[in-house]
Each structure stands twice: as C-alpha cells, then as structure tokens.
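*Asks:* Data file run_24.pdb (PDB, C-alpha atoms) is appended below.
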ATOM      1  CA  MET Q   1     -34.581 -10.268 -26.229
ATOM      2  CA  ILE Q   2     -37.282  -8.547 -28.315
ATOM      3  CA  LEU Q   3     -34.680  -7.794 -30.972
ATOM      4  CA  LEU Q   4     -33.765 -11.491 -31.150
ATOM      5  CA  LYS Q   5     -37.408 -12.509 -31.537
ATOM      6  CA  ARG Q   6     -37.816  -9.982 -34.390
ATOM      7  CA  LEU Q   7     -34.681 -11.438 -35.997
ATOM      8  CA  PHE Q   8     -36.221 -14.893 -35.560
ATOM      9  CA  VAL Q   9     -39.329 -13.861 -37.512
ATOM     10  CA  SER Q  10     -37.237 -12.392 -40.335
ATOM     11  CA  VAL Q  11     -35.103 -15.566 -40.750
ATOM     12  CA  ASN Q  12     -38.062 -17.948 -40.561
ATOM     13  CA  ASN Q  13     -37.480 -19.158 -44.136
ATOM     14  CA  ASP Q  14     -33.837 -20.277 -43.610
ATOM     15  CA  THR Q  15     -33.913 -23.447 -41.446
ATOM     16  CA  LYS Q  16     -30.218 -23.508 -40.463
ATOM     17  CA  LEU Q  17     -30.171 -19.871 -39.474
ATOM     18  CA  ARG Q  18     -33.530 -20.315 -37.741
ATOM     19  CA  HIS Q  19     -32.106 -23.196 -35.693
ATOM     20  CA  ILE Q  20     -29.049 -21.117 -34.628
ATOM     21  CA  VAL Q  21     -31.249 -18.164 -33.621
ATOM     22  CA  GLU Q  22     -33.562 -20.503 -31.620
ATOM     23  CA  LYS Q  23     -30.593 -21.897 -29.690
ATOM     24  CA  TYR Q  24     -29.267 -18.401 -29.055
ATOM     25  CA  ILE Q  25     -32.662 -17.213 -27.770
ATOM     26  CA  ILE Q  26     -32.906 -20.207 -25.414
ATOM     27  CA  PHE Q  27     -29.366 -19.554 -24.159
ATOM     28  CA  ALA Q  28     -30.067 -15.824 -23.652
ATOM     29  CA  GLU Q  29     -33.257 -16.580 -21.690
ATOM     30  CA  TYR Q  30     -31.355 -19.099 -19.578
ATOM     31  CA  LEU Q  31     -28.630 -16.547 -18.825
ATOM     32  CA  GLY Q  32     -31.227 -13.911 -18.013
ATOM     33  CA  LYS Q  33     -32.698 -16.100 -15.257
ATOM     34  CA  TYR Q  34     -29.374 -16.860 -13.635
ATOM     35  CA  MET Q  35     -27.390 -13.711 -14.435
ATOM     36  CA  LYS Q  36     -27.947 -12.178 -10.995
ATOM     37  CA  LYS Q  37     -26.742 -15.353  -9.290
ATOM     38  CA  VAL Q  38     -23.796 -15.738 -11.650
ATOM     39  CA  GLY Q  39     -22.853 -12.063 -11.314
ATOM     40  CA  PHE Q  40     -23.068 -12.189  -7.531
ATOM     41  CA  SER Q  41     -21.011 -15.392  -7.437
ATOM     42  CA  LEU Q  42     -18.333 -13.854  -9.662
ATOM     43  CA  LEU Q  43     -18.237 -10.698  -7.554
ATOM     44  CA  LEU Q  44     -17.996 -12.700  -4.326
ATOM     45  CA  SER Q  45     -15.218 -14.868  -5.796
ATOM     46  CA  LEU Q  46     -13.315 -11.763  -6.862
ATOM     47  CA  VAL Q  47     -13.612 -10.250  -3.377
ATOM     48  CA  VAL Q  48     -12.397 -13.481  -1.763
ATOM     49  CA  VAL Q  49      -9.437 -13.738  -4.131
ATOM     50  CA  LEU Q  50      -8.400 -10.095  -3.710
ATOM     51  CA  ALA Q  51      -9.013  -9.834   0.042
ATOM     52  CA  THR Q  52      -5.831 -10.177   2.053
ATOM     53  CA  ALA Q  53      -5.915  -9.765   5.795
ATOM     54  CA  GLN Q  54      -2.804  -8.339   7.413
ATOM     55  CA  GLU Q  55      -0.670  -9.192   4.426
ATOM     56  CA  SER Q  56       2.339  -7.020   3.861
ATOM     57  CA  GLN Q  57       4.068  -5.956   0.692
ATOM     58  CA  THR Q  58       7.406  -5.562   2.456
ATOM     59  CA  GLU Q  59       9.347  -7.163   5.262
ATOM     60  CA  TYR Q  60      10.259  -3.815   6.820
ATOM     61  CA  ASN Q  61       6.896  -2.335   7.751
ATOM     62  CA  PHE Q  62       8.424  -0.376  10.640
ATOM     63  CA  LEU Q  63       9.765   2.041   8.009
ATOM     64  CA  ARG Q  64       6.166   3.048   7.247
ATOM     65  CA  LEU Q  65       5.423   4.091  10.830
ATOM     66  CA  PRO Q  66       5.399   7.839  11.433
ATOM     67  CA  VAL Q  67       8.329   8.924  13.580
ATOM     68  CA  SER Q  68       6.875  12.224  14.789
ATOM     69  CA  SER Q  69       3.531  13.587  15.889
ATOM     70  CA  HIS Q  70       3.622  15.940  12.884
ATOM     71  CA  ALA Q  71       3.914  13.014  10.442
ATOM     72  CA  ALA Q  72       1.295  11.000  12.367
ATOM     73  CA  ALA Q  73      -1.154  13.906  12.181
ATOM     74  CA  LEU Q  74      -0.684  13.909   8.400
ATOM     75  CA  GLY Q  75      -1.634  10.228   8.248
ATOM     76  CA  GLY Q  76       1.947   8.959   8.142
ATOM     77  CA  GLY Q  77       2.233   9.395   4.382
ATOM     78  CA  ASN Q  78       3.403  12.939   3.729
ATOM     79  CA  ILE Q  79       4.888  13.587   0.308
ATOM     80  CA  SER Q  80       4.237  17.261  -0.287
ATOM     81  CA  LEU Q  81       4.098  19.351   2.905
ATOM     82  CA  VAL Q  82       7.024  21.751   2.741
ATOM     83  CA  ASP Q  83       7.960  22.631   6.329
ATOM     84  CA  ASP Q  84      11.077  23.223   8.404
ATOM     85  CA  ASP Q  85      10.824  19.805  10.105
ATOM     86  CA  ALA Q  86      13.688  17.306   9.881
ATOM     87  CA  SER Q  87      11.394  14.421  10.825
ATOM     88  CA  LEU Q  88       9.588  14.649   7.483
ATOM     89  CA  ILE Q  89      12.622  13.269   5.632
ATOM     90  CA  TYR Q  90      11.575   9.778   6.778
ATOM     91  CA  GLN Q  91       8.529  10.017   4.501
ATOM     92  CA  ASN Q  92      10.127  11.962   1.625
ATOM     93  CA  PRO Q  93      13.839  12.807   1.393
ATOM     94  CA  ALA Q  94      13.123  15.663  -1.033
ATOM     95  CA  LEU Q  95      11.557  17.578   1.869
ATOM     96  CA  LEU Q  96      15.073  17.974   3.280
ATOM     97  CA  SER Q  97      15.537  20.970   0.971
ATOM     98  CA  SER Q  98      13.196  23.046   3.174
ATOM     99  CA  VAL Q  99      14.908  22.164   6.493
ATOM    100  CA  SER Q 100      17.174  24.742   8.147
ATOM    101  CA  ASP Q 101      20.935  24.242   8.389
ATOM    102  CA  LYS Q 102      22.167  22.179  11.353
ATOM    103  CA  SER Q 103      18.710  20.902  12.294
ATOM    104  CA  LEU Q 104      18.482  18.145  14.865
ATOM    105  CA  PHE Q 105      15.475  15.907  15.509
ATOM    106  CA  PHE Q 106      14.848  13.406  18.312
ATOM    107  CA  GLY Q 107      11.628  11.474  18.657
ATOM    108  CA  TYR Q 108      10.274   8.733  20.912
ATOM    109  CA  MET Q 109       6.936   6.972  20.768
ATOM    110  CA  ARG Q 110       5.426   4.174  22.815
ATOM    111  CA  TYR Q 111       3.525   2.241  20.212
ATOM    112  CA  MET Q 112       1.199  -0.718  20.765
ATOM    113  CA  HIS Q 113       1.470  -2.730  24.001
ATOM    114  CA  ASP Q 114       5.187  -3.211  24.649
ATOM    115  CA  THR Q 115       6.602  -1.626  21.479
ATOM    116  CA  ASN Q 116       8.942   1.362  21.789
ATOM    117  CA  MET Q 117      10.147   3.430  18.877
ATOM    118  CA  GLY Q 118      12.866   6.064  18.625
ATOM    119  CA  ALA Q 119      14.230   8.202  15.806
ATOM    120  CA  ALA Q 120      16.907  10.832  15.340
ATOM    121  CA  ALA Q 121      18.043  12.952  12.404
ATOM    122  CA  PHE Q 122      20.674  15.614  11.750
ATOM    123  CA  SER Q 123      20.708  17.756   8.604
ATOM    124  CA  ARG Q 124      23.170  20.167   7.019
ATOM    125  CA  THR Q 125      22.827  22.576   4.120
ATOM    126  CA  LEU Q 126      25.663  22.318   1.575
ATOM    127  CA  THR Q 127      24.648  25.134  -0.777
ATOM    128  CA  ASP Q 128      21.551  27.204  -1.390
ATOM    129  CA  ARG Q 129      20.070  24.259  -3.266
ATOM    130  CA  ALA Q 130      21.675  21.119  -1.788
ATOM    131  CA  SER Q 131      21.251  19.493   1.644
ATOM    132  CA  TRP Q 132      22.208  16.209   3.273
ATOM    133  CA  ALA Q 133      21.172  14.398   6.423
ATOM    134  CA  VAL Q 134      21.847  11.303   8.467
ATOM    135  CA  ALA Q 135      19.023   9.594  10.311
ATOM    136  CA  GLY Q 136      18.377   6.581  12.474
ATOM    137  CA  GLN Q 137      15.246   4.706  13.442
ATOM    138  CA  TYR Q 138      14.859   2.053  16.150
ATOM    139  CA  VAL Q 139      11.876  -0.137  17.001
ATOM    140  CA  ASP Q 140      11.884  -2.503  19.992
ATOM    141  CA  TYR Q 141       8.934  -4.905  19.872
ATOM    142  CA  GLY Q 142       9.402  -6.056  23.471
ATOM    143  CA  THR Q 143       9.402  -9.600  24.792
ATOM    144  CA  MET Q 144       7.286 -12.187  22.977
ATOM    145  CA  LYS Q 145       6.346 -15.780  23.619
ATOM    146  CA  GLN Q 146       8.281 -18.266  21.490
ATOM    147  CA  THR Q 147       6.391 -21.339  20.260
ATOM    148  CA  ASP Q 148       7.137 -24.288  18.033
ATOM    149  CA  GLU Q 149       5.072 -25.285  14.985
ATOM    150  CA  ALA Q 150       2.557 -27.128  17.223
ATOM    151  CA  GLY Q 151       1.937 -24.002  19.313
ATOM    152  CA  VAL Q 152       3.789 -25.263  22.400
ATOM    153  CA  ALA Q 153       5.567 -22.494  24.317
ATOM    154  CA  THR Q 154       9.334 -22.976  24.255
ATOM    155  CA  GLY Q 155      10.473 -19.723  25.865
ATOM    156  CA  ARG Q 156      10.572 -15.976  25.270
ATOM    157  CA  PHE Q 157      12.517 -13.749  22.886
ATOM    158  CA  LYS Q 158      13.016 -10.060  22.038
ATOM    159  CA  ALA Q 159      12.782  -8.531  18.572
ATOM    160  CA  LYS Q 160      13.941  -5.188  17.221
ATOM    161  CA  ASP Q 161      14.566  -3.361  13.954
ATOM    162  CA  ILE Q 162      17.169  -0.682  13.246
ATOM    163  CA  ALA Q 163      17.532   1.499  10.152
ATOM    164  CA  LEU Q 164      20.332   3.983   9.455
ATOM    165  CA  SER Q 165      19.769   6.417   6.586
ATOM    166  CA  GLY Q 166      21.737   8.865   4.520
ATOM    167  CA  CYS Q 167      19.671  11.440   2.604
ATOM    168  CA  PHE Q 168      20.453  13.995  -0.076
ATOM    169  CA  SER Q 169      18.110  16.632  -1.439
ATOM    170  CA  TYR Q 170      18.516  19.111  -4.265
ATOM    171  CA  LEU Q 171      16.231  22.030  -5.073
ATOM    172  CA  LEU Q 172      15.705  21.713  -8.851
ATOM    173  CA  THR Q 173      13.581  24.862  -9.218
ATOM    174  CA  ASP Q 174      11.979  27.225  -6.754
ATOM    175  CA  ARG Q 175       8.966  24.891  -6.545
ATOM    176  CA  LEU Q 176      10.442  21.449  -7.282
ATOM    177  CA  ALA Q 177      12.912  19.406  -5.223
ATOM    178  CA  GLY Q 178      14.359  15.948  -5.654
ATOM    179  CA  GLY Q 179      15.743  13.661  -2.992
ATOM    180  CA  ILE Q 180      17.290  10.274  -2.481
ATOM    181  CA  ALA Q 181      17.815   8.143   0.615
ATOM    182  CA  ALA Q 182      19.988   5.094   1.197
ATOM    183  CA  ARG Q 183      19.155   2.860   4.172
ATOM    184  CA  PHE Q 184      21.044   0.196   6.040
ATOM    185  CA  ILE Q 185      18.497  -2.041   7.762
ATOM    186  CA  THR Q 186      19.135  -4.670  10.390
TER     187      THR Q 186
END
What would you get if you wrote out this structure as structure tokens?

*Replies:*
Amino acid sequence: MILLKRLFVSVNNDTKLRHIVEKYIIFAEYLGKYMKKVGFSLLLSLVVVLATAQESQTEYNFLRLPVSSHAAALGGGNISLVDDDASLIYQNPALLSSVSDKSLFFGYMRYMHDTNMGAAAFSRTLTDRASWAVAGQYVDYGTMKQTDEAGVATGRFKAKDIALSGCFSYLLTDRLAGGIAARFIT
C-alpha cells in the first residue's frame, strides 16, 4: 500500500495515470478490509465442495477389506511387506513371489453387526521366480430391511458379494517382483 502511495506521488503530473492509480489504491484498500472474510468464505466453500461423506470410488468396497489379522494389523493396505503369508496376495499379487510352495490360507471374520466374511487362497510355485495362486473371498451382509422410495418397509432381503481371483507373480530381480490378478466378481 505504501508503495502504491509513493507511485501516486511520482505520477501526480499525469492526470490519466493518476486517476488509474487512485482507483487501484481504493480497490486495494477495499480488498484489504474484506480479504479475511473473502479468504475464509473461499476456504469454507472449497471444503464444502470437496467434502464427501461415505462416498465410494468403487462399487466393490468389500475388496478393500483386510482378509486376515496380519493384513488388518498393517492397516489393510500392505504393498511392500515381504512375508511367507498367502493372505497378503489380496492386497498385492506381487507378494505371492515370497510365499512357499503349496501354501493354503483360510480366513473368517465377523465384521460389523451381522456381516460375515470368509477368504481362502492356494498358491503354487512354478519355477524359482514364478508363482501362481487361486483365491476366493465371500462377504455376507446379513438380513436387511427393504424399503420403497418413501421409506415404507416392504420386507427383508439378504445381500452378499463373492470374488474369485487368479494371481501370477514373477520375481524380476532379487529385490523386485511383479504381479497381476484377475478377478471374477458377483
């Protein structure tokens, strides 16, 4: 603001330029008074626009649930823990390269309220560097109340999700593995 007032003194002889600088100074002072309110309003609007409650990026969120206590203890999003655990292939199929030959995994978890979840996996080693596995995941959400668009109860129904997977992993180097998984989801 002080710089603008100094500029105003130096252009005092030119009336057009003086008029432009006067308008700019008035506008800058006006913005200075309301900048906190405008900034807060913009920030609040941005938060409201970006905030999404319980919105999903995918229809198959059950695939994100950890299928074992090991994966749950890691936060359900393991991508790099190399361990001899066949259940980790649900998070990252490349981890299959560290699983022993003929490994079998069974898991069951009682999730929220009436939801039951089960998983199974079987892996085989093809060569020193290549492995494959088949896996299945089942989630039963229990019995729920069925309503119409007005909220009137019309009965009860059961819901479930099933995913069958085929995985392949290849050890590219001693410290780097790649993996791919194909899933059939119902």

*Asks:* Could you work out how far atom CA of Arg64 of chain Q lies from atom CA of Arg156 of chain Q, giving the answer in Å with one decimal?

*Replies:*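 About the pair atom CA of Arg156 of chain Q and atom CA of Arg64 of chain Q: they are 26.6 Å apart.
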
*Asks:* So how many Å separate atom CA of Ala130 of chain Q and atom CA of Phe105 of chain Q, to one decimal?

*Replies:*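 It comes out at 19.1 Å.
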
*Asks:* Give me, as a ChimeraX atom specification, all polymer residues having an atom no more than 7 Å from segment 169-186 of chain Q, counting only C-alpha atoms and skipping those fewer than 3 positions away in the same chain.

*Replies:* /Q:93-94,96-97,129-132,161-166

*Asks:* Write the selection just made, keeping C-alpha atoms, as a compact mmCIF listing (two decimals), in the coordinates of the input?

*Replies:*
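Output below, filename out14.txt:
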# COMPACT_ATOMS: atom_id res chain seq x y z
CA PRO Q 93 13.84 12.81 1.39
CA ALA Q 94 13.12 15.66 -1.03
CA LEU Q 96 15.07 17.97 3.28
CA SER Q 97 15.54 20.97 0.97
CA ARG Q 129 20.07 24.26 -3.27
CA ALA Q 130 21.68 21.12 -1.79
CA SER Q 131 21.25 19.49 1.64
CA TRP Q 132 22.21 16.21 3.27
CA ASP Q 161 14.57 -3.36 13.95
CA ILE Q 162 17.17 -0.68 13.25
CA ALA Q 163 17.53 1.50 10.15
CA LEU Q 164 20.33 3.98 9.46
CA SER Q 165 19.77 6.42 6.59
CA GLY Q 166 21.74 8.86 4.52

*Asks:* Quick one: which residues end up in the PyMOL selection byres ((chain Q and resi 119-124) around 8) for this structure, as a list in words?

*Replies:*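 That expression, the PyMOL selection byres ((chain Q and resi 119-124) around 8), corresponds here to Val67, Ala86, Ser87, Leu96, Val99, Ser100, Asp101, Lys102, Ser103, Leu104, Phe105, Phe106, Gly107, Tyr108, Met117, Gly118, Thr125, Leu126, Ser131, Trp132, Ala133, Val134, Ala135, Gly136, Gln137 and Tyr138 of chain Q.
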
*Asks:* Counting only C-alpha atoms, I want the residues whose atoms come within 10 Å of (12.2, -7.5, 23.6) in the file frame, returned as a list in words.

*Replies:*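 Residues found, by chain and rising number: Asp114, Thr115, Asn116, Val139, Asp140, Tyr141, Gly142, Thr143, Met144, Arg156, Phe157, Lys158, Ala159 and Lys160 of chain Q.
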
*Asks:* State, in Å with one decimal place, the distance from atom CA of Ser41 of chain Q to atom CA of Ile25 of chain Q.

*Replies:*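 If I compute the distance from atom CA of Ser41 of chain Q to atom CA of Ile25 of chain Q, I get 23.5 Å.
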
*Asks:* Which residue gives the smallest distance to Gln91 of chain Q among Q:Ala153, Q:Gln146, Q:Cys167, Q:Lys37, with all atoms listed in the file counted?

*Replies:* Q:Cys167

*Asks:* With only C-alpha atoms as the basis for distance, which of Q:Leu95, Q:Val152, Q:Leu88, Q:Met109 is at the shortest distance from Leu74 of chain Q?

*Replies:*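 Among the listed residues, Q:Leu88 lies closest to Leu74 of chain Q.
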
*Asks:* Which residue out of Q:Tyr111, Q:Tyr60, Q:Phe168, Q:Tyr30 has the minimum interatomic distance to Thr127 of chain Q when all atoms listed in the file are used?

*Replies:* Q:Phe168

*Asks:* Could segment 125-141 of chain Q be completed with N, CA and C atoms and written as an mmCIF file, in the frame of the given file, please?

*Replies:*
data_model
loop_
_atom_site.group_PDB
_atom_site.id
_atom_site.type_symbol
_atom_site.label_atom_id
_atom_site.label_comp_id
_atom_site.auth_asym_id
_atom_site.auth_seq_id
_atom_site.Cartn_x
_atom_site.Cartn_y
_atom_site.Cartn_z
ATOM 1 N N THR Q 125 23.011 21.962 5.431
ATOM 2 C CA THR Q 125 22.827 22.576 4.120
ATOM 3 C C THR Q 125 24.208 22.736 3.485
ATOM 4 N N LEU Q 126 24.387 22.203 2.277
ATOM 5 C CA LEU Q 126 25.663 22.318 1.575
ATOM 6 C C LEU Q 126 25.756 23.637 0.814
ATOM 7 N N THR Q 127 24.732 23.893 -0.001
ATOM 8 C CA THR Q 127 24.648 25.134 -0.777
ATOM 9 C C THR Q 127 23.229 25.663 -0.644
ATOM 10 N N ASP Q 128 22.916 26.676 -1.411
ATOM 11 C CA ASP Q 128 21.551 27.204 -1.390
ATOM 12 C C ASP Q 128 20.540 26.162 -1.859
ATOM 13 N N ARG Q 129 20.994 25.229 -2.674
ATOM 14 C CA ARG Q 129 20.070 24.259 -3.266
ATOM 15 C C ARG Q 129 20.277 22.827 -2.776
ATOM 16 N N ALA Q 130 21.366 22.506 -2.162
ATOM 17 C CA ALA Q 130 21.675 21.119 -1.788
ATOM 18 C C ALA Q 130 21.747 20.960 -0.270
ATOM 19 N N SER Q 131 21.222 19.820 0.219
ATOM 20 C CA SER Q 131 21.251 19.493 1.644
ATOM 21 C C SER Q 131 21.486 18.004 1.807
ATOM 22 N N TRP Q 132 22.040 17.628 2.940
ATOM 23 C CA TRP Q 132 22.208 16.209 3.273
ATOM 24 C C TRP Q 132 21.805 15.990 4.726
ATOM 25 N N ALA Q 133 21.564 14.737 5.052
ATOM 26 C CA ALA Q 133 21.172 14.398 6.423
ATOM 27 C C ALA Q 133 21.544 12.947 6.713
ATOM 28 N N VAL Q 134 21.712 12.677 7.984
ATOM 29 C CA VAL Q 134 21.847 11.303 8.467
ATOM 30 C C VAL Q 134 20.699 11.088 9.462
ATOM 31 N N ALA Q 135 20.176 9.879 9.455
ATOM 32 C CA ALA Q 135 19.023 9.594 10.311
ATOM 33 C C ALA Q 135 19.088 8.156 10.798
ATOM 34 N N GLY Q 136 18.467 7.922 11.921
ATOM 35 C CA GLY Q 136 18.377 6.581 12.474
ATOM 36 C C GLY Q 136 16.990 6.334 13.032
ATOM 37 N N GLN Q 137 16.571 5.089 12.950
ATOM 38 C CA GLN Q 137 15.246 4.706 13.442
ATOM 39 C C GLN Q 137 15.382 3.371 14.158
ATOM 40 N N TYR Q 138 14.743 3.254 15.324
ATOM 41 C CA TYR Q 138 14.859 2.053 16.150
ATOM 42 C C TYR Q 138 13.465 1.653 16.630
ATOM 43 N N VAL Q 139 13.144 0.387 16.494
ATOM 44 C CA VAL Q 139 11.876 -0.137 17.001
ATOM 45 C C VAL Q 139 12.176 -1.382 17.827
ATOM 46 N N ASP Q 140 11.737 -1.363 19.087
ATOM 47 C CA ASP Q 140 11.884 -2.503 19.992
ATOM 48 C C ASP Q 140 10.486 -3.067 20.225
ATOM 49 N N TYR Q 141 10.264 -4.297 19.791
ATOM 50 C CA TYR Q 141 8.934 -4.905 19.872
ATOM 51 C C TYR Q 141 8.653 -5.529 21.235
#
